[in-house]
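Peer 1: Just so it is clear, I am handing over coords.cif, which has mmCIF, C-alpha atoms.
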data_query
loop_
_atom_site.label_atom_id
_atom_site.label_comp_id
_atom_site.auth_asym_id
_atom_site.auth_seq_id
_atom_site.Cartn_x
_atom_site.Cartn_y
_atom_site.Cartn_z
CA MET I 264 0.00 0.00 0.00
CA ALA I 265 2.91 2.36 0.65
CA GLU I 266 3.94 2.09 -2.98
CA ARG I 267 0.40 2.96 -4.10
CA GLY I 268 0.58 6.41 -2.55
CA LEU I 269 4.05 7.01 -3.96
CA GLU I 270 2.94 5.88 -7.42
CA MET I 271 -0.08 8.22 -7.29
CA TRP I 272 2.28 11.03 -6.38
CA ARG I 273 4.70 10.25 -9.23
CA LYS I 274 1.83 10.45 -11.73
CA SER I 275 0.92 13.96 -10.60
CA GLN I 276 2.52 16.99 -12.20
CA CYS I 277 5.93 17.85 -10.89
CA CYS I 278 6.52 21.56 -10.80
CA ASP I 279 3.46 23.04 -12.47
CA GLY I 280 1.55 23.72 -9.26
CA PRO I 281 0.55 27.15 -8.05
CA ARG I 282 3.22 29.31 -6.38
CA GLY I 283 1.31 29.14 -3.09
CA ASP I 284 2.03 25.42 -2.95
CA ILE I 285 5.14 25.89 -0.79
CA VAL I 286 4.78 25.09 2.92
CA GLN I 287 7.40 26.19 5.44
CA VAL I 288 8.42 23.41 7.84
CA ASP I 289 10.80 23.56 10.81
CA ILE I 290 12.74 20.40 9.96
CA PHE I 291 15.55 20.68 12.50
CA GLY I 292 13.54 22.10 15.41
CA ASP I 293 15.68 25.22 15.60
CA GLY I 294 13.10 27.70 14.33
CA SER I 295 14.54 27.96 10.83
CA THR I 296 12.25 26.64 8.13
CA VAL I 297 12.58 24.79 4.84
CA GLY I 298 10.11 25.45 2.03
CA LEU I 299 8.58 22.24 0.66
CA MET I 300 6.52 22.06 -2.52
CA GLY I 301 3.44 19.86 -2.67
CA LEU I 302 3.23 19.01 1.02
CA LYS I 303 -0.50 19.73 1.34
CA GLU I 304 -1.26 17.45 -1.60
CA ILE I 305 0.92 14.68 -0.17
CA PHE I 306 -0.88 14.91 3.16
CA GLU I 307 -4.28 14.90 1.42
CA GLN I 308 -3.38 11.76 -0.56
CA LEU I 309 -2.11 9.90 2.49
CA TYR I 310 -5.18 10.97 4.47
CA LEU I 311 -7.48 9.67 1.72
CA LEU I 312 -5.55 6.38 1.81
CA ARG I 313 -6.19 6.32 5.59
CA ARG I 314 -2.49 6.21 6.40
CA ALA I 315 -1.85 6.73 10.11
CA PRO I 316 0.46 9.59 11.15
CA ASP I 317 3.08 7.35 12.72
CA ALA I 318 6.51 5.90 11.97
CA SER I 319 5.03 3.46 9.43
CA VAL I 320 4.50 6.34 6.99
CA GLN I 321 7.85 8.07 7.54
CA ASP I 322 9.82 6.55 4.63
CA GLU I 323 6.90 7.06 2.27
CA LEU I 324 6.62 10.72 3.26
CA VAL I 325 10.33 11.31 2.64
CA LYS I 326 10.14 9.64 -0.79
CA MET I 327 7.08 11.63 -1.80
CA VAL I 328 8.57 14.93 -0.61
CA ALA I 329 11.89 14.13 -2.31
CA ALA I 330 10.08 13.67 -5.62
CA ARG I 331 9.59 17.47 -5.73
CA ASN I 332 12.12 18.81 -3.25
CA TYR I 333 15.78 18.36 -2.40
CA VAL I 334 16.15 16.19 0.68
CA PRO I 335 19.79 15.65 1.72
CA ARG I 336 20.43 11.95 2.13
CA ILE I 337 22.21 12.54 5.41
CA ALA I 338 19.12 14.32 6.80
CA GLU I 339 16.42 11.88 5.62
CA ALA I 340 15.70 10.60 9.14
CA VAL I 341 15.36 14.15 10.51
CA TYR I 342 13.12 15.14 7.59
CA GLY I 343 11.07 11.97 8.14
CA ALA I 344 10.47 12.71 11.81
CA ALA I 345 9.48 16.31 11.06
CA LEU I 346 7.16 15.22 8.24
CA VAL I 347 5.41 12.68 10.45
CA ARG I 348 4.97 15.40 13.09
CA GLU I 349 3.49 17.79 10.51
CA TYR I 350 1.28 15.05 9.06
CA ALA I 351 -0.07 14.27 12.55
CA ILE I 352 -0.99 17.96 12.96
CA PHE I 353 -2.65 17.92 9.54
CA CYS I 354 -4.68 14.79 10.42
CA THR I 355 -5.83 16.28 13.73
CA GLN I 356 -6.95 19.49 12.04
CA LYS I 357 -8.65 17.56 9.23
CA LYS I 358 -10.59 15.38 11.68
CA GLN I 359 -11.65 18.42 13.72
CA SER I 360 -12.94 20.19 10.61
CA GLU I 361 -14.86 17.05 9.56
CA VAL I 362 -16.51 16.83 13.00
CA MET I 363 -17.56 20.48 12.84
CA GLN I 364 -19.30 20.02 9.47
#
When written as structure tokens, how does the structure in this file appear?
Peer 2:
Amino acid sequence: MAERGLEMWRKSQCCDGPRGDIVQVDIFGDGSTVGLMGLKEIFEQLYLLRRAPDASVQDELVKMVAARNYVPRIAEAVYGAALVREYAIFCTQKKQSEVMQ
């Protein structure tokens, strides 16, 4: 199932998205941010696939983000942890908005 989400992402357009498609993420926890393209769409796809925001999705998140963004190989684990954290926040907000509707 992990490959299904990645394959869906590869079939989407690479760099033709709107300019507002860049999300700032504090990867290293030091307050400085990295701009990542396509993060909202990645989170939406994983959410639709009912992927839990835990360590089981970490490698998939890094691969999907790296398809559109530079992710230093040496920092993949740090990026993965930050992406899981951001995905968990996204899922919480998404569930809250669904309950309110």
Peer 1: Measuring between all atoms listed in the file, which one of I:Leu302, I:Val297, I:Ala318, I:Val286 shows the shortest distance to I:Arg348?
Peer 2: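 For I:Arg348, the nearest of the given residues is I:Ala318.
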Peer 1: Name the residues that the PyMOL selection byres ((chain I and resi 300) around 6) picks from the file above, as a ChimeraX atom specification, using the file's chain letters and numbers.
Peer 2: /I:284-285,299,301-302
Peer 1: To one decimal place, how far is atom CA of I:Ser319 from atom CA of I:Tyr342 in Å?
Peer 2: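 For atom CA of I:Ser319 relative to atom CA of I:Tyr342, the distance reads 14.3 Å.
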Peer 1: Residues of stretch 305-340 of chain I that approach stretch 349-352 of chain I to 10 Å or less, counting all atoms listed in the file: could you list each one with the shortest pair of atoms and its distance in Å to one decimal, rows by chain and increasing residue number, as a Markdown table?
Peer 2:
| residue | atom | partner | partner_atom | distance |
| --- | --- | --- | --- | --- |
| I:Ile305 | CA | I:Tyr350 | CA | 9.2 |
| I:Phe306 | CA | I:Tyr350 | CA | 6.3 |
| I:Glu307 | CA | I:Tyr350 | CA | 9.5 |
| I:Leu309 | CA | I:Tyr350 | CA | 9.0 |
| I:Tyr310 | CA | I:Tyr350 | CA | 8.9 |
| I:Arg314 | CA | I:Tyr350 | CA | 10.0 |
| I:Ala315 | CA | I:Ala351 | CA | 8.1 |
| I:Pro316 | CA | I:Ala351 | CA | 4.9 |
| I:Asp317 | CA | I:Ala351 | CA | 7.6 |
| I:Val320 | CA | I:Tyr350 | CA | 9.5 |
| I:Gln321 | CA | I:Tyr350 | CA | 9.7 |
| I:Leu324 | CA | I:Tyr350 | CA | 9.0 |
Peer 1: Could you check which of I:Val325, I:Val362, I:Leu312, I:Ala330 is closest to I:Gly343, using all atoms listed in the file?
Peer 2: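 Ranked by minimum distance to I:Gly343, first place goes to I:Val325.
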Peer 1: Measure the distance from atom CA of I:Ser295 to atom CA of I:Lys357 in Å and round it to one decimal.
Peer 2: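 Separation between atom CA of I:Ser295 and atom CA of I:Lys357: 25.5 Å.
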Peer 1: Which is closest to I:Gln308 among I:Asp322, I:Phe353, I:Thr296, I:Gln359, if we use all atoms listed in the file?
Peer 2: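 Closest to I:Gln308 of all the choices is I:Phe353.
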